[in-house]
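K.L.:
Mind looking over this structure? Questions follow.
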Amino acid sequence: MNCSISGEVPEEPVVSKNSGLLFEKRLIERHILDYGKCPVTGEPLTMDDIVPIKTGKIVKPRPLTAASIPGMLGMFQNEWDGLMLSNFALEQQLHTARQELSHALYQHDAACRVIARLKKERDEARSLLAQSERQIMPAESTAVTSNAALSNGKRAPEDEDLGPAGKKLHTGITPAIIAELTDCNAALSQQRKKRQVPPALAPIDALERYTQLASHPLHKTSKPGIVSLDIHYSKDVIATGGVDTNAVLFDRPSGQIVTTLSGHSKKVTSVKFVTEGDLFLTGSADKTVRVWQGSEDGNYDCKHTLKDHTAEVQAVTVHATNKYFVTASLDNTWCFYDLSSGICLTQVSDAGTDGRPEGYTSAAFHPDGLILGTGTSEALVKIWDVKSQANVAKFDGHVGAVTAISFSENGYYLATAAHDGVKLWDLRKLKNFRSFESSDSETPTNSVDFDHSGSYLAVASADIRVYQVASVKADWNCIKTFPDLSGTGAASFLFLFVLGQTCS
């Protein structure tokens, strides 16, 4: 007995009371729900009109194809053919996917090559532009000199700008400027007495856990080497001066280069931010100093090119007023400039030991701004009164050129670095009270720096070491040593910034 709908033997047979026809239960129930009538006679039919039939276990008969061996072989053959066709379709899809991936990889490689070529062309264009600027600048200087003397971009008659010995005359530091420096000194001294240790200062245990987080190539690999560095703390921007004649401004949070400043013809020996405003200073071995003006789009334009020195400019330091700055050069002079106009107010020279010239290799202002410290190529440290430009103290004892100097935040100590290591000087008694020898006698100490709180001192030589600042009589303990990771065997510079939990 077969179902009147499917024509097969039902698993759950039911019969209609009205027509007596046999149905599969699940099929007739669905038909009644959809149409409400008998699928054969068309008469009205409800669920109450069907009666289940109790039967024994129903064994479905085998299909004809499975009733004999030839039929089963045919069925297996059909299934095998279907499987092979499906496998062939999958292989075709895989081949197509591989071709598309190959095309995508080829396009990516071509795009990388185009980008590399464009970068190379950009670098070549920048190099040609810098060369053109360097060629134009001497020609302009020669043309202007033939007609009139030029000082910081301002024309004036020769007899007014040149003295009897052929040297430039300078207006000097006026009483108004001296009064401004004195007022700044008084204000800073008063603030220092009330200043507390910043709560954000990294404690010793945190400093001991400092490790290198990232490394960023900022300068050209054809002329590798970074010789100067400065940090703008409020903007978290790092400036570097390189052997490749460029200065680079790097945004630390984003890890991106803000801008690359080109214009110098030799290595950039000193870089310095002006804390207030968008001014930036660079000194170079090409004997010039450049004042850069920042714009809203992040670019910097050269505002002044200063040519008062006759030898390499080794250091640039900004006064606490952010209105004046000093440059130090191997020509045995240091210059005091007005920042806004770029005018050299005074150029100070001093006879070297035994009459030998002593080029200046480093310079830094005292935190209060009325004292200037300079280091010389003859291992001598000189302390100057800025108001009178008089040399008020000299410290000797180093071996080799004094590569870096740094005043402590409280103004009591001076740290100086040279080939033989670092020496600490008590400015109240004008004497050396402690020395740190270089960890490698063959490697000079290239940099030394107090942090802004005056709590730590960092020294860069064959490695970088951080000391805890103490008193004259107490020990200055080394709390952290950073190995040199440059591969050169010498750490060329450092800048300690533990207030913001960053050390570079």
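Chain labels follow the order of the structure tokens: the first chain is A, the next B, and so on; residue numbering restarts at 1 in every chain, and ligands are counted from 1 in their shown order.
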Leaving out Ser295 in chain A and any residue of its chain fewer than 6 positions from it, which residues lie within 12 Å of it when counting only C-alpha atoms, given as a ChimeraX atom specification?
P.N.:
/A:258-259,277-280,301-303
K.L.:
Which residues are near range 285-289 of chain A? Cut-off 6 Å, only C-alpha atoms, ignore same chain within fewer than 3 positions. Put them as number ranges by chain.
P.N.:
A: 265-267, 282, 305-307, 309-313
K.L.:
Export, as a PDB file, in the first residue's frame, the selected residues with N, CA, C and O atoms.
P.N.:
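Resulting contents of selection-v6.pdb:
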```
ATOM      1  N   SER A 265      75.745  73.324   4.639  1.00  0.00           N
ATOM      2  CA  SER A 265      76.603  72.610   3.695  1.00  0.00           C
ATOM      3  C   SER A 265      77.504  71.593   4.381  1.00  0.00           C
ATOM      4  O   SER A 265      78.154  70.785   3.702  1.00  0.00           O
ATOM      5  N   LYS A 266      77.543  71.622   5.721  1.00  0.00           N
ATOM      6  CA  LYS A 266      78.320  70.641   6.472  1.00  0.00           C
ATOM      7  C   LYS A 266      77.473  70.136   7.633  1.00  0.00           C
ATOM      8  O   LYS A 266      76.326  70.542   7.804  1.00  0.00           O
ATOM      9  N   LYS A 267      78.044  69.241   8.428  1.00  0.00           N
ATOM     10  CA  LYS A 267      77.277  68.594   9.500  1.00  0.00           C
ATOM     11  C   LYS A 267      76.675  69.617  10.451  1.00  0.00           C
ATOM     12  O   LYS A 267      77.244  70.681  10.708  1.00  0.00           O
ATOM     13  N   THR A 282      69.854  76.140  14.582  1.00  0.00           N
ATOM     14  CA  THR A 282      70.826  75.124  14.192  1.00  0.00           C
ATOM     15  C   THR A 282      72.188  75.772  13.992  1.00  0.00           C
ATOM     16  O   THR A 282      72.295  76.863  13.446  1.00  0.00           O
ATOM     17  N   THR A 305      70.159  83.727   8.522  1.00  0.00           N
ATOM     18  CA  THR A 305      71.399  82.982   8.392  1.00  0.00           C
ATOM     19  C   THR A 305      72.514  83.871   8.933  1.00  0.00           C
ATOM     20  O   THR A 305      72.800  84.928   8.369  1.00  0.00           O
ATOM     21  N   LEU A 306      73.126  83.443  10.027  1.00  0.00           N
ATOM     22  CA  LEU A 306      74.085  84.273  10.752  1.00  0.00           C
ATOM     23  C   LEU A 306      75.509  83.821  10.421  1.00  0.00           C
ATOM     24  O   LEU A 306      75.837  82.643  10.577  1.00  0.00           O
ATOM     25  N   LYS A 307      76.358  84.779  10.016  1.00  0.00           N
ATOM     26  CA  LYS A 307      77.700  84.450   9.526  1.00  0.00           C
ATOM     27  C   LYS A 307      78.783  85.244  10.261  1.00  0.00           C
ATOM     28  O   LYS A 307      79.739  85.701   9.658  1.00  0.00           O
ATOM     29  N   HIS A 309      80.748  84.044  12.670  1.00  0.00           N
ATOM     30  CA  HIS A 309      81.891  83.199  13.033  1.00  0.00           C
ATOM     31  C   HIS A 309      82.741  82.894  11.801  1.00  0.00           C
ATOM     32  O   HIS A 309      82.245  82.876  10.669  1.00  0.00           O
ATOM     33  N   THR A 310      84.010  82.606  12.068  1.00  0.00           N
ATOM     34  CA  THR A 310      84.959  82.288  10.982  1.00  0.00           C
ATOM     35  C   THR A 310      85.441  80.849  11.048  1.00  0.00           C
ATOM     36  O   THR A 310      86.359  80.476  10.316  1.00  0.00           O
ATOM     37  N   ALA A 311      84.881  80.071  11.945  1.00  0.00           N
ATOM     38  CA  ALA A 311      85.209  78.649  12.053  1.00  0.00           C
ATOM     39  C   ALA A 311      83.954  77.898  12.452  1.00  0.00           C
ATOM     40  O   ALA A 311      82.872  78.484  12.588  1.00  0.00           O
ATOM     41  N   GLU A 312      84.082  76.605  12.620  1.00  0.00           N
ATOM     42  CA  GLU A 312      82.920  75.758  12.921  1.00  0.00           C
ATOM     43  C   GLU A 312      82.175  76.251  14.159  1.00  0.00           C
ATOM     44  O   GLU A 312      82.779  76.584  15.172  1.00  0.00           O
ATOM     45  N   VAL A 313      80.857  76.287  14.059  1.00  0.00           N
ATOM     46  CA  VAL A 313      80.012  76.583  15.217  1.00  0.00           C
ATOM     47  C   VAL A 313      79.770  75.267  15.953  1.00  0.00           C
ATOM     48  O   VAL A 313      79.249  74.313  15.374  1.00  0.00           O
TER      49      VAL A 313
END
```
K.L.:
Got a sec: who's within 7 Å of Gly241 in chain A, counting only C-alpha atoms, leaving out chain neighbours fewer than 5 positions off, as a ChimeraX atom specification?
P.N.:
/A:226-229,246-248,268-271
K.L.:
Kindly give the distance, in Å, that separates CA of Asp484 in chain A and CA of Gln212 in chain A, rounded to a single decimal.
P.N.:
10.8 Å
K.L.:
CA of Pro444 in chain A to CA of Arg290 in chain A: how many Å, to one decimal?
P.N.:
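Calculated distance between CA of Pro444 in chain A and CA of Arg290 in chain A is 28.4 Å.
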K.L.:
Hey, which of A:Asn185, A:Thr361, A:Thr403, A:Thr211 ends up closest to His319 in chain A? Count only C-alpha atoms.
P.N.:
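Checking each candidate against His319 in chain A, we get A:Asn185 as the closest.
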K.L.:
So, counting only C-alpha atoms, which residue among A:Met1, A:Ala206, A:Ile371, A:Val381 is closest to Lys480 in chain A?
P.N.:
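Closest to Lys480 in chain A of all the choices is A:Ala206.
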K.L.:
Can you measure CA of Tyr412 in chain A to CA of Leu427 in chain A for me? One decimal in Å is fine.
P.N.:
5.5 Å
K.L.:
Step one, run DSSP on the backbone; step two, keep only residues of range 269-388 of chain A assigned to strand (DSSP E or B); then write them as a VMD selection string.
P.N.:
chain A and resid 269 to 273 279 to 284 289 to 294 300 to 306 313 to 318 324 to 329 333 to 338 344 to 349 360 to 365 371 to 376 381 to 385
K.L.:
Between A:Leu339, A:Met84, A:Ala315, A:Leu261, which residue has the minimum interatomic distance to Ala363 in chain A, considering only C-alpha atoms?
P.N.:
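Checking each of A:Leu339, A:Met84, A:Ala315, A:Leu261 against Ala363 in chain A, counting only C-alpha atoms, the winner is A:Ala315.
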K.L.:
When you look at Leu129 in chain A with a cut-off of 10 Å (counting only C-alpha atoms), what residues show up, excluding the ones that are within fewer than 6 positions of it in the same chain? I need them as a list in words.
P.N.:
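Skipping anything fewer than 6 positions along the chain leaves Asp123, Gln135, Ser262 and Gly263 of chain A.
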K.L.:
As a PyMOL selection string, please: all residues of range 34-128 of chain A that backbone DSSP puts in helix (DSSP H, G or I).
P.N.:
chain A and resi 34-35+47-49+64-66+69-128
K.L.:
Within 10 Å of Gln256 in chain A, counting only C-alpha atoms, which residues show up once you throw out same-chain ones fewer than 6 positions away? Write them as JSON, numbers by chain, please.
P.N.:
{"A": [216, 218, 237, 249, 250]}
K.L.:
Could you write out that same residue set with N, CA and C atoms as an mmCIF file, in the first residue's frame?
P.N.:
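Below you can see selection-v9.cif, which holds the result:
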```
data_model
loop_
_atom_site.group_PDB
_atom_site.id
_atom_site.type_symbol
_atom_site.label_atom_id
_atom_site.label_comp_id
_atom_site.auth_asym_id
_atom_site.auth_seq_id
_atom_site.Cartn_x
_atom_site.Cartn_y
_atom_site.Cartn_z
ATOM 1 N N HIS A 216 64.509 54.627 15.286
ATOM 2 C CA HIS A 216 63.995 55.293 14.097
ATOM 3 C C HIS A 216 65.160 55.847 13.260
ATOM 4 N N LEU A 218 66.521 58.423 10.994
ATOM 5 C CA LEU A 218 66.049 59.761 10.650
ATOM 6 C C LEU A 218 66.891 60.432 9.580
ATOM 7 N N VAL A 237 58.403 66.756 20.734
ATOM 8 C CA VAL A 237 59.078 66.683 19.439
ATOM 9 C C VAL A 237 60.578 66.625 19.675
ATOM 10 N N LEU A 249 63.103 67.079 12.521
ATOM 11 C CA LEU A 249 62.166 67.198 13.637
ATOM 12 C C LEU A 249 61.272 65.968 13.625
ATOM 13 N N PHE A 250 61.240 65.246 14.753
ATOM 14 C CA PHE A 250 60.569 63.949 14.843
ATOM 15 C C PHE A 250 59.514 63.997 15.935
#
```
K.L.:
Give me, as a tab-separated table, the closest atom pair and its distance (Å, one decimal) for every residue of range 434-453 of chain A within a cut-off of 8 Å of range 459-478 of chain A, counting only C-alpha atoms, rows sorted by chain and rising number.
P.N.:
```
residue	atom	partner	partner_atom	distance
A:Arg434	CA	A:Val472	CA	7.9
A:Ser438	CA	A:Ser461	CA	6.4
A:Ser439	CA	A:Ala462	CA	6.4
A:Asp440	CA	A:Ala462	CA	6.0
A:Thr443	CA	A:Ala462	CA	5.9
A:Pro444	CA	A:Ser461	CA	6.0
A:Thr445	CA	A:Ser461	CA	4.3
A:Asn446	CA	A:Ser461	CA	5.8
A:Ser447	CA	A:Ala460	CA	5.1
A:Val448	CA	A:Val459	CA	4.6
A:Asp449	CA	A:Val459	CA	6.8
```
K.L.:
I'd like the contact shell of range 387-390 of chain A - 10 Å cut-off, only C-alpha atoms, skipping same-chain residues fewer than 2 positions apart - returned as a PyMOL selection string.
P.N.:
chain A and resi 172-175+177-179+181-182+336+346-350+369-372+383-385+392-393
